[in-house]
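These notes concern the structure reproduced below.
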Amino acid sequence: MRSLQTASGAKRSVETEEMPFTKKYFRSNAPTLQRSNILLREEKGRLTVHQSFPLTSEQELVVNHDHGPALVFAVAGSGKSTCLVHRIERLVREGVFPPDCILASSFNKLAVNDLSEKLKQWPHCAPVKLQTLHALGRAVLLKARHLRGETVPQNDPEEADMQLLYEAKRRARQDNVEYADQLHAMDDEDFLNYIGRCKGNIAYADLFAVDLPPRGMSCAAQADAPPDLPWYLSLYRLFEAIRKEKNWITFDDQLLEGWESLVRDPAVLDHFRSSYSCLMVDEFQDINKVQHAILDLLVAAHKNYMVIGDDDQTIYEWRGANPEFILGFEKRYGAKKYTLSLNFRSTASQVLLANEVIKHNRKREKKYLRLYKTEPGETRIAQYENTRSMASDIADSYEQCFREGFPSQEAVILVRLYAQTPVIEQVLIEKGIAYRIEGRKPFYQRKE
């Protein structure tokens with residue numbers, strides 16, 4: 001899949017001491033690589049007897065890791081999911097771990113589905129457990145409730161947040177709370193993100209009312225309200241009181257209550273520890289505190305624990321993700337560190353731009369994307385007076401590309417938030433350009 005970023009401005013070469021990159025190569029279609037170049041590298045994949053996909057030497061090191069903790073820094077487009085499934089296949093084929101004792105997980109449902117699809121080519125890997133971290137948390141809490149003889153929540157966790165918030169606002173107005181006047185203009189999404197961050201960081205609306213054992217108290221905290229919105233904490237308490245009355249769980253409660261179950265009940269912890277003797281976690285840069293705590297409890301006995309991610313790609317800090325977990329993993333667990341540095345996806349200009357931008361991060365694992373392809377490509381950067389002019393330029397650029405034969409199925413527009421799609425959709429509709437929104441309905445088909 002290709003993305004087009006329409007823009008104006010001339011191409012230019014950038015030269016640095018660490019990453020020499022010549023203007024000649026930038027404008028040429030010929031592969032002018034040097035082995036000593038830290039940015040550009042061309043390496044032929046090798047096939048072993050049991051492989052149907054060529055692996056690079058970097059990938060082979062990861063695939064051949066057997067026991068103990070391992071940290072894999074995988075740059076964008078480095079084939080990390082392919083690497084993961086080949087490791088799983090080898091571990092099962094060689095009998096290093098029973099397949100039903102291997103758990104591969106991620107916070108990201110799409111990443112888990114990708115692993116599942118790729119593993120289907122090997123029937124002997126069918127018993128391997130593949131699930132998101134939220135699904136793992138839900139499995140833990142359901143097991144704990146079953147052992148205690150408690151009622152299992154019947155609500156849909158992904159729809160509970162907004163329903164609970166509406167009820168909390170209704171009751172707050174009914175009780176004429178001191179912050180009632182603030183409710184009509186409040187940003188619902190901002191408040192729900194606040195609760196999500198709190199629960200992801202094991203920060204309770206009323207910590208001491210939770211009555212956690214000492215092990216849990218050492219990880220938990222009392223939630224604080226945002227400095228400019230002090231009443232958020234009171235509404236958080238009301239939100240939680242209503243949730244408990246209804247015996248509901250939210251999307252974030254699947255993790256928080258799952259963690260609570262592990263720290264409260266030794267039988268539940270023993271059950272899940274004995275279920276998995278090898279854990280692999282993808283997209284580790286975007287996990288939060290409660291996810292990290294669950295995984296830490298499960299691997300404590302054996303530490304057969306491989307995590308894959310890239311701190312440079314952390315994009316969910318606004319909802320509680322913390323790159324410190326991946327940056328501190330090697331020291332915390334005494335892990336073997338690997339790096340996947342070859343980018344299979346992008347062209348030269350994209351790789352160069354990414355390296356030049358990300359190197360300014362002050363706290364990061366130092367690494368460079370390097371080219372596997374030797375295509376120069378083109379990257380342009382532009383600024384616009386408003387979103388309408390930006391959307392029009394994007395659509396005009398695509399129209400030109402399609403007239404020149406560029407396949408529309410390989411065109412993609414990347415946005416930071418779904419809220420950015422309406423103005424782009426409007427222009428695409430006006431120009432008769434067919435499109436789809438991944439992960440959500442098109443704006444003009446949404447109920448809101």
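Naming scheme: A, B, ... for chains in displayed order of the structure tokens; residues 1 onward per chain; ligands 1 onward as shown.
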(request) Mind listing the helix (DSSP H, G or I) residues of region 143-300 of chain A, per DSSP on the backbone, as a VMD selection string? (result) chain A and resid 143 to 148 157 to 174 180 to 185 188 to 200 207 to 210 214 to 217 232 to 246 253 to 264 266 to 275 284 to 286 289 to 299
Can I get the residues of region 293-327 of chain A within 10 Å of region 184-194 of chain A, each with the closest pair of atoms and their distance in Å to one decimal, using only C-alpha atoms, sorted chain first then ascending number, as CSV?
```
residue,atom,partner,partner_atom,distance
A:Trp318,CA,A:Asn193,CA,8.1
A:Arg319,CA,A:Asn193,CA,6.1
A:Gly320,CA,A:Asn193,CA,9.0
```
(request) Please identify all polymer residues within 9 Å of Leu279 (chain A), counting only C-alpha atoms, omitting same-chain residues fewer than 6 positions from it, and present them as a PyMOL selection string. (result) chain A and resi 101-105+295+298-299+303-307
Could you list, as a compact mmCIF listing (two decimals) with C-alpha atoms, in the first residue's frame, every residue within 8 Å of region 283-288 of chain A, counting only C-alpha atoms and ignoring same-chain residues fewer than 2 positions away?
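Result file is selection.txt:
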```txt
# COMPACT_ATOMS: atom_id res chain seq x y z
CA SER A 106 -0.53 -7.17 21.53
CA PHE A 107 -2.71 -4.28 22.67
CA ASN A 108 -3.66 -3.95 18.99
CA GLY A 200 -4.37 2.31 32.44
CA ASN A 201 -2.07 3.73 35.12
CA VAL A 281 4.19 -9.26 22.90
CA VAL A 290 -1.63 -2.09 33.92
CA GLN A 291 -0.75 -4.14 30.82
CA HIS A 292 2.89 -4.17 31.86
CA VAL A 307 8.77 -8.11 23.40
CA ILE A 308 8.90 -6.38 20.03
CA GLY A 309 8.37 -2.72 19.30
CA ASP A 310 9.96 0.63 18.60
CA ASP A 311 10.01 3.52 21.03
CA GLN A 313 6.68 4.71 17.05
CA THR A 314 4.94 5.37 20.39
CA ILE A 315 1.70 7.12 19.44
CA TYR A 316 -0.68 6.44 22.34
CA GLU A 317 0.90 8.35 25.21
CA GLY A 320 -1.59 6.11 28.90
CA ALA A 321 1.03 4.32 26.81
CA ASN A 322 4.52 4.69 28.25
CA PRO A 323 7.69 4.10 26.15
CA PHE A 325 8.52 0.12 29.55
CA ILE A 326 10.30 -0.80 26.33
```
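Among the candidates A:Arg237, A:Lys367, A:Lys337, A:Lys373, the residue lying nearest to Gln350 (chain A) is A:Lys373 (atoms considered: only C-alpha atoms).
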(message) With distances taken over only C-alpha atoms, which residue among A:Ala70, A:Leu130, A:Leu91, A:Leu207 lies nearest Leu110 (chain A)?
(response) A:Leu130
(request) List the neighbours of Asp161 (chain A) out to 12 Å using only C-alpha atoms; skip same-chain residues closer than 4 positions along the sequence, and give me the result as a list of chain:residue names. (result) A:Asn155, A:Asp156, A:Pro157, A:Leu165, A:Tyr166, A:Glu167, A:Ala168, A:Asp188, A:Glu189, A:Phe191, A:Leu192, A:Asn193, A:Tyr194, A:Ile195, A:Gly196, A:Tyr236, A:Phe239, A:Glu240, A:Ile242, A:Arg243, A:Trp248, A:Ile249, A:Thr250, A:Phe251, A:Asp252, A:Asp253
(request) Excluding region 211-223 of chain A and residues on its chain fewer than 2 positions from it, collect all residues at most 9 Å away from it, counting only C-alpha atoms, and give them as a count of residues only. (result) 20
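Minimum atom-to-atom distance to Lys244 (chain A), evaluated using only C-alpha atoms, belongs to A:Leu164 out of A:Leu164, A:Arg148, A:Lys366, A:Val72.
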